[in-house]
Every structure is written in C-alpha cells, then in structure tokens.
$ cat coords.pdb   # PDB, C-alpha atoms and all ligand atoms
MODEL        1
ATOM      1  CA  MET A   1     -21.341  -5.930 -14.335
ATOM      2  CA  GLU A   2     -19.624  -9.236 -13.562
ATOM      3  CA  ILE A   3     -18.208  -9.458 -10.021
ATOM      4  CA  SER A   4     -15.733 -12.040  -8.723
ATOM      5  CA  ILE A   5     -14.883 -12.512  -5.048
ATOM      6  CA  TYR A   6     -11.628 -14.081  -3.831
ATOM      7  CA  PRO A   7     -11.231 -14.655  -0.077
ATOM      8  CA  ILE A   8      -7.539 -14.638   0.887
ATOM      9  CA  PRO A   9      -6.703 -15.972   4.376
ATOM     10  CA  MET A  10      -4.120 -13.734   6.031
ATOM     11  CA  GLY A  11      -3.677 -15.618   9.309
ATOM     12  CA  LEU A  12      -6.178 -14.416  11.885
ATOM     13  CA  ASP A  13      -8.511 -12.963   9.299
ATOM     14  CA  THR A  14      -9.394 -12.782   5.609
ATOM     15  CA  ILE A  15      -8.948 -10.097   2.983
ATOM     16  CA  TYR A  16     -11.678 -10.179   0.357
ATOM     17  CA  VAL A  17     -10.541  -9.273  -3.141
ATOM     18  CA  VAL A  18     -13.489  -8.021  -5.193
ATOM     19  CA  ARG A  19     -13.068  -7.721  -8.929
ATOM     20  CA  GLY A  20     -15.451  -5.766 -11.119
ATOM     21  CA  GLU A  21     -14.127  -3.404 -13.798
ATOM     22  CA  SER A  22     -11.291  -2.723 -11.364
ATOM     23  CA  VAL A  23     -10.221  -4.434  -8.153
ATOM     24  CA  ILE A  24     -10.844  -3.401  -4.555
ATOM     25  CA  LEU A  25      -9.625  -5.037  -1.369
ATOM     26  CA  ILE A  26     -11.645  -5.255   1.785
ATOM     27  CA  ASP A  27      -9.357  -4.939   4.815
ATOM     28  CA  GLY A  28      -5.607  -4.862   5.214
ATOM     29  CA  GLY A  29      -5.076  -8.111   7.125
ATOM     30  CA  ASP A  30      -2.696  -9.169   9.836
ATOM     31  CA  PRO A  31       0.704  -7.468  10.153
ATOM     32  CA  HIS A  32       3.562  -8.813   8.004
ATOM     33  CA  ALA A  33       1.267 -11.025   5.952
ATOM     34  CA  ILE A  34       1.534  -9.437   2.506
ATOM     35  CA  GLU A  35       3.154 -12.508   0.955
ATOM     36  CA  ARG A  36      -0.107 -14.405   1.527
ATOM     37  CA  LEU A  37      -2.025 -11.685  -0.267
ATOM     38  CA  LYS A  38       0.447 -11.605  -3.162
ATOM     39  CA  GLU A  39       0.083 -15.354  -3.598
ATOM     40  CA  GLY A  40      -3.729 -15.158  -3.591
ATOM     41  CA  VAL A  41      -3.810 -12.221  -5.986
ATOM     42  CA  GLU A  42      -1.433 -13.977  -8.372
ATOM     43  CA  LYS A  43      -3.580 -17.127  -8.312
ATOM     44  CA  ALA A  44      -6.581 -14.978  -9.229
ATOM     45  CA  CYS A  45      -4.563 -13.616 -12.209
ATOM     46  CA  ILE A  46      -4.811 -10.048 -10.895
ATOM     47  CA  LYS A  47      -1.951  -7.601 -11.369
ATOM     48  CA  PRO A  48      -1.131  -5.416  -8.335
ATOM     49  CA  GLU A  49      -1.684  -2.224 -10.328
ATOM     50  CA  GLU A  50      -5.301  -3.287 -11.008
ATOM     51  CA  ILE A  51      -6.025  -2.831  -7.281
ATOM     52  CA  ARG A  52      -7.344   0.702  -6.893
ATOM     53  CA  LEU A  53      -8.793   0.844  -3.404
ATOM     54  CA  ILE A  54      -8.250  -0.779   0.004
ATOM     55  CA  ILE A  55     -11.330  -0.319   2.177
ATOM     56  CA  LEU A  56     -10.492  -0.870   5.841
ATOM     57  CA  THR A  57     -13.669  -2.073   7.550
ATOM     58  CA  HIS A  58     -12.294  -0.603  10.786
ATOM     59  CA  GLY A  59      -9.095   0.403  12.538
ATOM     60  CA  HIS A  60      -8.281  -2.642  14.676
ATOM     61  CA  TRP A  61      -4.751  -3.963  14.262
ATOM     62  CA  ASP A  62      -5.684  -7.245  12.602
ATOM     63  CA  HIS A  63      -7.464  -5.315   9.803
ATOM     64  CA  ILE A  64      -4.848  -2.641   9.101
ATOM     65  CA  GLY A  65      -1.654  -4.615   9.777
ATOM     66  CA  SER A  66      -0.448  -5.003   6.196
ATOM     67  CA  ALA A  67      -2.122  -1.868   4.794
ATOM     68  CA  LYS A  68       1.169  -0.004   4.341
ATOM     69  CA  ASP A  69       2.828  -2.935   2.559
ATOM     70  CA  ILE A  70      -0.209  -3.454   0.320
ATOM     71  CA  LYS A  71      -0.341   0.250  -0.515
ATOM     72  CA  ASP A  72       3.374   0.362  -1.375
ATOM     73  CA  TRP A  73       3.052  -2.773  -3.520
ATOM     74  CA  SER A  74      -0.129  -1.865  -5.431
ATOM     75  CA  GLY A  75      -0.310   1.934  -5.349
ATOM     76  CA  ALA A  76      -3.965   1.624  -4.235
ATOM     77  CA  LYS A  77      -5.679   4.289  -2.156
ATOM     78  CA  VAL A  78      -6.711   3.508   1.431
ATOM     79  CA  MET A  79     -10.133   4.330   2.934
ATOM     80  CA  LEU A  80     -11.014   4.404   6.649
ATOM     81  CA  HIS A  81     -13.943   5.940   8.529
ATOM     82  CA  GLN A  82     -13.210   9.167  10.393
ATOM     83  CA  ARG A  83     -14.241   7.715  13.767
ATOM     84  CA  ASP A  84     -11.517   5.044  13.625
ATOM     85  CA  MET A  85      -8.732   7.389  12.477
ATOM     86  CA  HIS A  86      -7.565   7.863  16.080
ATOM     87  CA  LEU A  87      -6.759   4.136  16.324
ATOM     88  CA  LEU A  88      -3.887   4.678  13.889
ATOM     89  CA  ASP A  89      -2.159   6.945  16.395
ATOM     90  CA  ASP A  90      -2.391   4.644  19.400
ATOM     91  CA  ALA A  91       1.001   3.676  20.802
ATOM     92  CA  TYR A  92      -0.180   0.074  21.096
ATOM     93  CA  PRO A  93      -2.865  -1.556  18.990
ATOM     94  CA  SER A  94      -6.126  -1.394  20.855
ATOM     95  CA  GLN A  95      -8.735  -4.084  21.276
ATOM     96  CA  PRO A  96     -12.355  -3.427  22.252
ATOM     97  CA  PRO A  97     -13.784  -4.972  25.441
ATOM     98  CA  GLY A  98     -15.531  -8.344  25.453
ATOM     99  CA  PHE A  99     -19.318  -8.571  25.033
ATOM    100  CA  THR A 100     -19.353 -12.152  26.376
ATOM    101  CA  LEU A 101     -17.358 -14.023  29.021
ATOM    102  CA  TRP A 102     -15.322 -15.677  26.262
ATOM    103  CA  GLY A 103     -14.808 -12.270  24.629
ATOM    104  CA  LYS A 104     -13.528 -10.902  27.962
ATOM    105  CA  ILE A 105     -11.038 -13.796  28.264
ATOM    106  CA  ILE A 106      -9.708 -13.232  24.728
ATOM    107  CA  PHE A 107      -9.618  -9.476  25.411
ATOM    108  CA  ALA A 108      -7.397 -10.064  28.480
ATOM    109  CA  PHE A 109      -5.086 -12.296  26.465
ATOM    110  CA  LEU A 110      -4.796  -9.839  23.559
ATOM    111  CA  LYS A 111      -4.117  -6.967  25.938
ATOM    112  CA  LEU A 112      -0.999  -8.777  27.151
ATOM    113  CA  TYR A 113       0.035  -9.479  23.585
ATOM    114  CA  SER A 114      -0.644  -6.017  22.107
ATOM    115  CA  PRO A 115       2.632  -4.261  23.121
ATOM    116  CA  TYR A 116       4.430  -6.770  20.879
ATOM    117  CA  ILE A 117       2.346  -5.989  17.797
ATOM    118  CA  HIS A 118       3.945  -3.513  15.425
ATOM    119  CA  ILE A 119       1.785  -1.848  12.769
ATOM    120  CA  PRO A 120       3.690  -0.010  10.012
ATOM    121  CA  LYS A 121       2.299   3.549   9.674
ATOM    122  CA  PHE A 122       0.458   4.569   6.521
ATOM    123  CA  ASP A 123      -1.564   7.504   5.205
ATOM    124  CA  VAL A 124      -5.325   7.283   4.738
ATOM    125  CA  ASP A 125      -6.297   8.791   1.352
ATOM    126  CA  ILE A 126     -10.078   8.763   1.737
ATOM    127  CA  VAL A 127     -11.626   9.481   5.130
ATOM    128  CA  ALA A 128     -15.177   8.121   5.063
ATOM    129  CA  GLY A 129     -18.060   9.797   6.879
ATOM    130  CA  ASP A 130     -21.518   8.499   7.778
ATOM    131  CA  GLU A 131     -22.949   8.838   4.260
ATOM    132  CA  ASP A 132     -22.860   5.927   1.816
ATOM    133  CA  ILE A 133     -20.014   6.025  -0.713
ATOM    134  CA  SER A 134     -20.749   4.598  -4.155
ATOM    135  CA  LEU A 135     -18.158   2.286  -5.713
ATOM    136  CA  THR A 136     -19.294   2.825  -9.301
ATOM    137  CA  ASP A 137     -16.202   4.968  -9.962
ATOM    138  CA  TYR A 138     -14.230   1.780  -9.298
ATOM    139  CA  GLY A 139     -16.399  -0.296 -11.633
ATOM    140  CA  ILE A 140     -18.094  -2.099  -8.753
ATOM    141  CA  ALA A 141     -21.890  -2.045  -8.357
ATOM    142  CA  GLY A 142     -22.054  -1.433  -4.627
ATOM    143  CA  LYS A 143     -21.324   0.974  -1.824
ATOM    144  CA  VAL A 144     -19.539   1.566   1.440
ATOM    145  CA  VAL A 145     -22.039   1.821   4.283
ATOM    146  CA  TYR A 146     -21.502   3.087   7.820
ATOM    147  CA  THR A 147     -22.201   0.187  10.219
ATOM    148  CA  PRO A 148     -20.866   1.062  13.687
ATOM    149  CA  GLY A 149     -21.000  -1.059  16.837
ATOM    150  CA  HIS A 150     -17.966  -3.321  16.736
ATOM    151  CA  SER A 151     -15.988  -0.078  16.579
ATOM    152  CA  TRP A 152     -17.395   3.435  16.242
ATOM    153  CA  GLY A 153     -15.859   3.758  12.784
ATOM    154  CA  SER A 154     -16.816   0.379  11.300
ATOM    155  CA  VAL A 155     -18.046   0.231   7.707
ATOM    156  CA  SER A 156     -19.379  -2.561   5.493
ATOM    157  CA  VAL A 157     -19.200  -2.936   1.729
ATOM    158  CA  VAL A 158     -22.536  -3.943   0.229
ATOM    159  CA  LEU A 159     -22.798  -5.049  -3.385
ATOM    160  CA  ASP A 160     -26.019  -4.480  -5.330
ATOM    161  CA  SER A 161     -26.163  -8.276  -5.741
ATOM    162  CA  GLY A 162     -26.556  -8.743  -1.945
ATOM    163  CA  GLU A 163     -23.051  -9.650  -0.749
ATOM    164  CA  ALA A 164     -22.143  -7.693   2.404
ATOM    165  CA  PHE A 165     -18.527  -7.582   3.596
ATOM    166  CA  VAL A 166     -19.045  -6.797   7.233
ATOM    167  CA  GLY A 167     -15.592  -6.852   8.852
ATOM    168  CA  ASP A 168     -16.100  -7.741  12.526
ATOM    169  CA  LEU A 169     -19.785  -6.838  12.628
ATOM    170  CA  ALA A 170     -20.338 -10.613  12.594
ATOM    171  CA  MET A 171     -17.978 -13.495  13.341
ATOM    172  CA  ASN A 172     -17.960 -17.122  12.235
ATOM    173  CA  MET A 173     -14.667 -18.665  13.296
ATOM    174  CA  LEU A 174     -12.876 -20.325  16.224
ATOM    175  CA  PRO A 175     -11.596 -19.220  18.672
ATOM    176  CA  MET A 176     -14.250 -16.498  18.550
ATOM    177  CA  ARG A 177     -17.398 -18.453  17.783
ATOM    178  CA  LEU A 178     -18.628 -21.918  16.837
ATOM    179  CA  ASN A 179     -21.284 -20.597  14.491
ATOM    180  CA  PRO A 180     -22.252 -17.395  12.660
ATOM    181  CA  GLY A 181     -23.333 -14.618  14.978
ATOM    182  CA  LEU A 182     -22.557 -11.464  16.851
ATOM    183  CA  PRO A 183     -18.972 -10.341  17.479
ATOM    184  CA  ILE A 184     -17.664 -11.387  20.898
ATOM    185  CA  PHE A 185     -16.118  -7.990  21.463
ATOM    186  CA  GLY A 186     -16.756  -4.458  20.368
ATOM    187  CA  ASP A 187     -17.824  -1.009  21.482
ATOM    188  CA  ASP A 188     -21.640  -1.345  21.651
ATOM    189  CA  ILE A 189     -23.673  -4.528  21.097
ATOM    190  CA  ILE A 190     -26.993  -2.655  20.679
ATOM    191  CA  VAL A 191     -25.460  -0.584  17.903
ATOM    192  CA  VAL A 192     -24.072  -3.777  16.283
ATOM    193  CA  LYS A 193     -27.615  -5.176  16.114
ATOM    194  CA  LYS A 194     -28.911  -1.922  14.603
ATOM    195  CA  SER A 195     -26.188  -2.120  11.963
ATOM    196  CA  TRP A 196     -27.195  -5.718  11.159
ATOM    197  CA  GLN A 197     -30.755  -4.502  10.661
ATOM    198  CA  LYS A 198     -29.552  -1.659   8.435
ATOM    199  CA  LEU A 199     -27.769  -4.177   6.189
ATOM    200  CA  LEU A 200     -30.808  -6.485   6.081
ATOM    201  CA  ASP A 201     -33.075  -3.560   5.224
ATOM    202  CA  MET A 202     -30.711  -2.705   2.351
ATOM    203  CA  GLY A 203     -31.183  -6.206   0.925
ATOM    204  CA  ALA A 204     -27.982  -7.922   2.121
ATOM    205  CA  LYS A 205     -28.283 -11.654   1.422
ATOM    206  CA  THR A 206     -24.881 -13.039   2.422
ATOM    207  CA  PHE A 207     -22.502 -11.825   5.128
ATOM    208  CA  TYR A 208     -18.758 -12.120   4.536
ATOM    209  CA  PRO A 209     -17.120 -11.723   7.952
ATOM    210  CA  ALA A 210     -13.409 -10.982   8.285
ATOM    211  CA  HIS A 211     -13.087 -13.855  10.750
ATOM    212  CA  GLY A 212     -14.674 -16.952   9.263
ATOM    213  CA  LYS A 213     -16.587 -18.121   6.223
ATOM    214  CA  SER A 214     -19.425 -16.340   4.484
ATOM    215  CA  PHE A 215     -22.964 -17.324   5.437
ATOM    216  CA  SER A 216     -26.535 -16.633   4.391
ATOM    217  CA  VAL A 217     -28.322 -13.978   6.434
ATOM    218  CA  LYS A 218     -30.985 -16.669   6.995
ATOM    219  CA  LYS A 219     -28.455 -18.219   9.391
ATOM    220  CA  LEU A 220     -28.228 -15.084  11.511
ATOM    221  CA  PRO A 221     -29.331 -16.011  15.018
ATOM    222  CA  ASP A 222     -32.531 -14.638  16.524
ATOM    223  CA  GLU A 223     -30.428 -12.885  19.167
ATOM    224  CA  ARG A 224     -30.799  -9.725  17.122
TER     225      ARG A 224
HETATM  226 ZN    ZN B   1     -12.166  -5.666  15.159
HETATM  227 ZN    ZN B   2     -10.847  -8.553  13.672
ENDMDL
END

$ encode --input "coords.pdb" --output "structure tokens"
Amino acid sequence: MEISIYPIPMGLDTIYVVRGESVILIDGGDPHAIERLKEGVEKACIKPEEIRLIILTHGHWDHIGSAKDIKDWSGAKVMLHQRDMHLLDDAYPSQPPGFTLWGKIIFAFLKLYSPYIHIPKFDVDIVAGDEDISLTDYGIAGKVVYTPGHSWGSVSVVLDSGEAFVGDLAMNMLPMRLNPGLPIFGDDIIVVKKSWQKLLDMGAKTFYPAHGKSFSVKKLPDER
C-alpha cells in the first residue's frame, strides 16, 4: 500500500495529510487557518471529499482550532481520545503547565492570551479509548495508539512503515525548542517518556511532531 505524506504548515503547527487508499488528516491546526489547509490539499491534488478522517492528536486549542471548518468543508469524521473530550467544553482554551523554565514562561504568556482565542465548536464522531485503532478501514496501513503524557488524552498515529505522528509528545521548533526532544509543557513528563518508549518498542523510526520538522528516532536525546 503506497503512502504519501504532506506536511501543511498552519501557523503555529502542522497538519499532516496522509494519503493511502483514502486520505486522513492528523490534527486540526490553529483556529481560522483552513485556507492554508485548502491550499496545501489542492497542491497535493487531493479533493476534499477524499478526506475521510481527522485524527486529533489531543484537545489543545492549537490542534483543534480549525476542526469544525475542516469537517464542514470535507465531510470527514473527527476522532479524539475520551480523556481529552472535556477540553472541548472549557470556556477558555487550556494550556498545560511548563515542564521547564522556558515552558513555564511560555505557559504564563499563553494564559494571558487564551481568553482571546475562539475555537468553533464541533462534534466528535469517534471517541477513542486506550486500545489501538486500526486504520485499515481507511486504506492506511497503520494505527492510532494511546500515548498520554503531554495531555491525558494524547494519541499518536503509527504507520506500519515506521512513521509516527506524535502531536506534542515531542517538539522540534522555536520558540519551544532548538532541537528535537521532549515537549516543554504537558501533564506528566514521566508518562511522556513512557509513551516515547511505547512508540520505539512498536518500531517507530521517524517522529513527525506537530511543532517542527520530522526527525529520526536516532536523534531522540538520551534524556529519556
Ligand atoms: Zn499540546
Ligand atoms: Zn501544540
């Protein structure tokens, strides 16, 4: 099964478009950024109706911001893990606390900014649990895997060929980090490291973070 991957920058983060026999999106991007996605999808010669599933790696605002617009445009179903469902009901988008000093500084800044962020409401069609979910029904050789730590409901998408779309389980972009590594904020750093190990044990070869470029797992720091 031939797989193509198209990273589409949405502003703060990236949506990964994965094409097998059908098309899935990983994450819903920044709010009000759908035009960027449309442009990227058009360049990849993909029709909106080919997109069948939007897998939200977690419920933070920068990953769900355009989910409603993308759903309305494509008709795709939306998947989110049950433990992040509550984030959709928060009055203001929430941000997890910093793991590092720099993470704490960015956390403080984003907390000031968050009342001004508006996320259009949308329905989740598939509520994921802790068990793996196969993507073969979507013509993609891979699965959705529960990888908590950055948030309690974080998931990754792991292809049989070794690509792992990890959301914010790793970061590789300024202003977060200078190099590939652990997220600078999240709910539990020990659990993040366990989730990294889970992905490595499954045979993940390349991490595709939502913030920053993909990198070989050989570049993962020893801090784990
Ligand atoms: Zn996040
Ligand atoms: Zn993020």

$ resolve_selection --input "coords.pdb" --expression "the PyMOL selection byres (((not hetatm)) within 12 of (chain B and resi 2))" --output "ChimeraX atom specification"
/A:10-15,27-30,56-65,93-96,107,110,150-151,154,166-173,175-176,183-186,209-212

$ residues_around --input "coords.pdb" --residues "segment 190-202 of chain A" --least-positions-apart "3" --cutoff "12 Å" --atoms "all atoms listed in the file" --output "PDB file with C-alpha atoms, in the coordinates of the input"
ATOM      1  CA  PHE A  99     -19.318  -8.571  25.033  1.00  0.00           C
ATOM      2  CA  ASP A 132     -22.860   5.927   1.816  1.00  0.00           C
ATOM      3  CA  GLY A 142     -22.054  -1.433  -4.627  1.00  0.00           C
ATOM      4  CA  LYS A 143     -21.324   0.974  -1.824  1.00  0.00           C
ATOM      5  CA  VAL A 144     -19.539   1.566   1.440  1.00  0.00           C
ATOM      6  CA  VAL A 145     -22.039   1.821   4.283  1.00  0.00           C
ATOM      7  CA  TYR A 146     -21.502   3.087   7.820  1.00  0.00           C
ATOM      8  CA  THR A 147     -22.201   0.187  10.219  1.00  0.00           C
ATOM      9  CA  PRO A 148     -20.866   1.062  13.687  1.00  0.00           C
ATOM     10  CA  GLY A 149     -21.000  -1.059  16.837  1.00  0.00           C
ATOM     11  CA  HIS A 150     -17.966  -3.321  16.736  1.00  0.00           C
ATOM     12  CA  SER A 151     -15.988  -0.078  16.579  1.00  0.00           C
ATOM     13  CA  TRP A 152     -17.395   3.435  16.242  1.00  0.00           C
ATOM     14  CA  GLY A 153     -15.859   3.758  12.784  1.00  0.00           C
ATOM     15  CA  SER A 154     -16.816   0.379  11.300  1.00  0.00           C
ATOM     16  CA  VAL A 155     -18.046   0.231   7.707  1.00  0.00           C
ATOM     17  CA  SER A 156     -19.379  -2.561   5.493  1.00  0.00           C
ATOM     18  CA  VAL A 157     -19.200  -2.936   1.729  1.00  0.00           C
ATOM     19  CA  VAL A 158     -22.536  -3.943   0.229  1.00  0.00           C
ATOM     20  CA  LEU A 159     -22.798  -5.049  -3.385  1.00  0.00           C
ATOM     21  CA  ASP A 160     -26.019  -4.480  -5.330  1.00  0.00           C
ATOM     22  CA  SER A 161     -26.163  -8.276  -5.741  1.00  0.00           C
ATOM     23  CA  GLY A 162     -26.556  -8.743  -1.945  1.00  0.00           C
ATOM     24  CA  GLU A 163     -23.051  -9.650  -0.749  1.00  0.00           C
ATOM     25  CA  ALA A 164     -22.143  -7.693   2.404  1.00  0.00           C
ATOM     26  CA  PHE A 165     -18.527  -7.582   3.596  1.00  0.00           C
ATOM     27  CA  VAL A 166     -19.045  -6.797   7.233  1.00  0.00           C
ATOM     28  CA  GLY A 167     -15.592  -6.852   8.852  1.00  0.00           C
ATOM     29  CA  ASP A 168     -16.100  -7.741  12.526  1.00  0.00           C
ATOM     30  CA  LEU A 169     -19.785  -6.838  12.628  1.00  0.00           C
ATOM     31  CA  ALA A 170     -20.338 -10.613  12.594  1.00  0.00           C
ATOM     32  CA  MET A 171     -17.978 -13.495  13.341  1.00  0.00           C
ATOM     33  CA  GLY A 181     -23.333 -14.618  14.978  1.00  0.00           C
ATOM     34  CA  LEU A 182     -22.557 -11.464  16.851  1.00  0.00           C
ATOM     35  CA  PRO A 183     -18.972 -10.341  17.479  1.00  0.00           C
ATOM     36  CA  ILE A 184     -17.664 -11.387  20.898  1.00  0.00           C
ATOM     37  CA  PHE A 185     -16.118  -7.990  21.463  1.00  0.00           C
ATOM     38  CA  GLY A 186     -16.756  -4.458  20.368  1.00  0.00           C
ATOM     39  CA  ASP A 187     -17.824  -1.009  21.482  1.00  0.00           C
ATOM     40  CA  LYS A 205     -28.283 -11.654   1.422  1.00  0.00           C
ATOM     41  CA  THR A 206     -24.881 -13.039   2.422  1.00  0.00           C
ATOM     42  CA  PHE A 207     -22.502 -11.825   5.128  1.00  0.00           C
ATOM     43  CA  SER A 216     -26.535 -16.633   4.391  1.00  0.00           C
ATOM     44  CA  VAL A 217     -28.322 -13.978   6.434  1.00  0.00           C
ATOM     45  CA  LYS A 218     -30.985 -16.669   6.995  1.00  0.00           C
ATOM     46  CA  LEU A 220     -28.228 -15.084  11.511  1.00  0.00           C
ATOM     47  CA  PRO A 221     -29.331 -16.011  15.018  1.00  0.00           C
ATOM     48  CA  ASP A 222     -32.531 -14.638  16.524  1.00  0.00           C
ATOM     49  CA  GLU A 223     -30.428 -12.885  19.167  1.00  0.00           C
ATOM     50  CA  ARG A 224     -30.799  -9.725  17.122  1.00  0.00           C
TER      51      ARG A 224
END

$ atom_distance --input "coords.pdb" --atom1 "atom CA of Val18 of chain A" --atom2 "atom CA of Asn179 of chain A"
24.6 Å

$ atom_distance --input "coords.pdb" --atom1 "atom CA of Trp73 of chain A" --atom2 "atom CA of Ile26 of chain A"
15.8 Å

$ atom_distance --input "coords.pdb" --atom1 "atom CA of Leu25 of chain A" --atom2 "atom CA of Val78 of chain A"
9.5 Å

$ resolve_selection --input "coords.pdb" --expression "the PyMOL selection byres (((chain A and resi 124) around 9) and not hetatm)" --output "PyMOL selection string"
chain A and resi 77-80+85+122-123+125-127

$ closest_residue --input "coords.pdb" --among "A:Ile46, A:Phe215, A:Gly40, A:Leu87" --to "ligand ZN 1 (chain B)" --atoms "all atoms listed in the file"
A:Leu87

$ resolve_selection --input "coords.pdb" --expression "the PyMOL selection byres (((chain A and resi 120) around 8) and not hetatm)" --output "JSON, numbers by chain"
{"A": [65, 66, 68, 118, 119, 121, 122]}

$ closest_residue --input "coords.pdb" --among "A:Pro31, A:Gly20, A:Pro9, A:Pro97" --to "Asp69 of chain A" --atoms "only C-alpha atoms"
A:Pro31

$ axis_aligned_box --input "coords.pdb" --around "segment 188-194 of chain A" --padding-each-side "5 Å" --output "AutoDock Vina command-line options"
--center_x -25.3 --center_y -2.9 --center_z 18.1 --size_x 17.3 --size_y 14.6 --size_z 17.0

$ closest_residue --input "coords.pdb" --among "A:Lys213, A:His32, A:Lys111, A:Lys219" --to "Tyr16 of chain A" --atoms "all atoms listed in the file"
A:Lys213

$ closest_residue --input "coords.pdb" --among "A:Gly103, A:Glu49, A:Tyr116, A:Gly75" --to "ligand ZN 1 (chain B)" --atoms "only C-alpha atoms and all ligand atoms"
A:Gly103

$ closest_residue --input "coords.pdb" --among "A:Val41, A:Tyr6, A:Asp84, A:Asp72" --to "ligand ZN 1 (chain B)" --atoms "all atoms listed in the file"
A:Asp84

$ closest_residue --input "coords.pdb" --among "A:Arg36, A:Val17, A:Gln82, A:Gly98" --to "ligand ZN 1 (chain B)" --atoms "all atoms listed in the file"
A:Gly98

$ residues_around --input "coords.pdb" --residues "Lys43 of chain A" --least-positions-apart "4" --cutoff "12 Å" --atoms "all atoms listed in the file" --output "number ranges by chain"
A: 6-8, 17, 36-39, 47-48
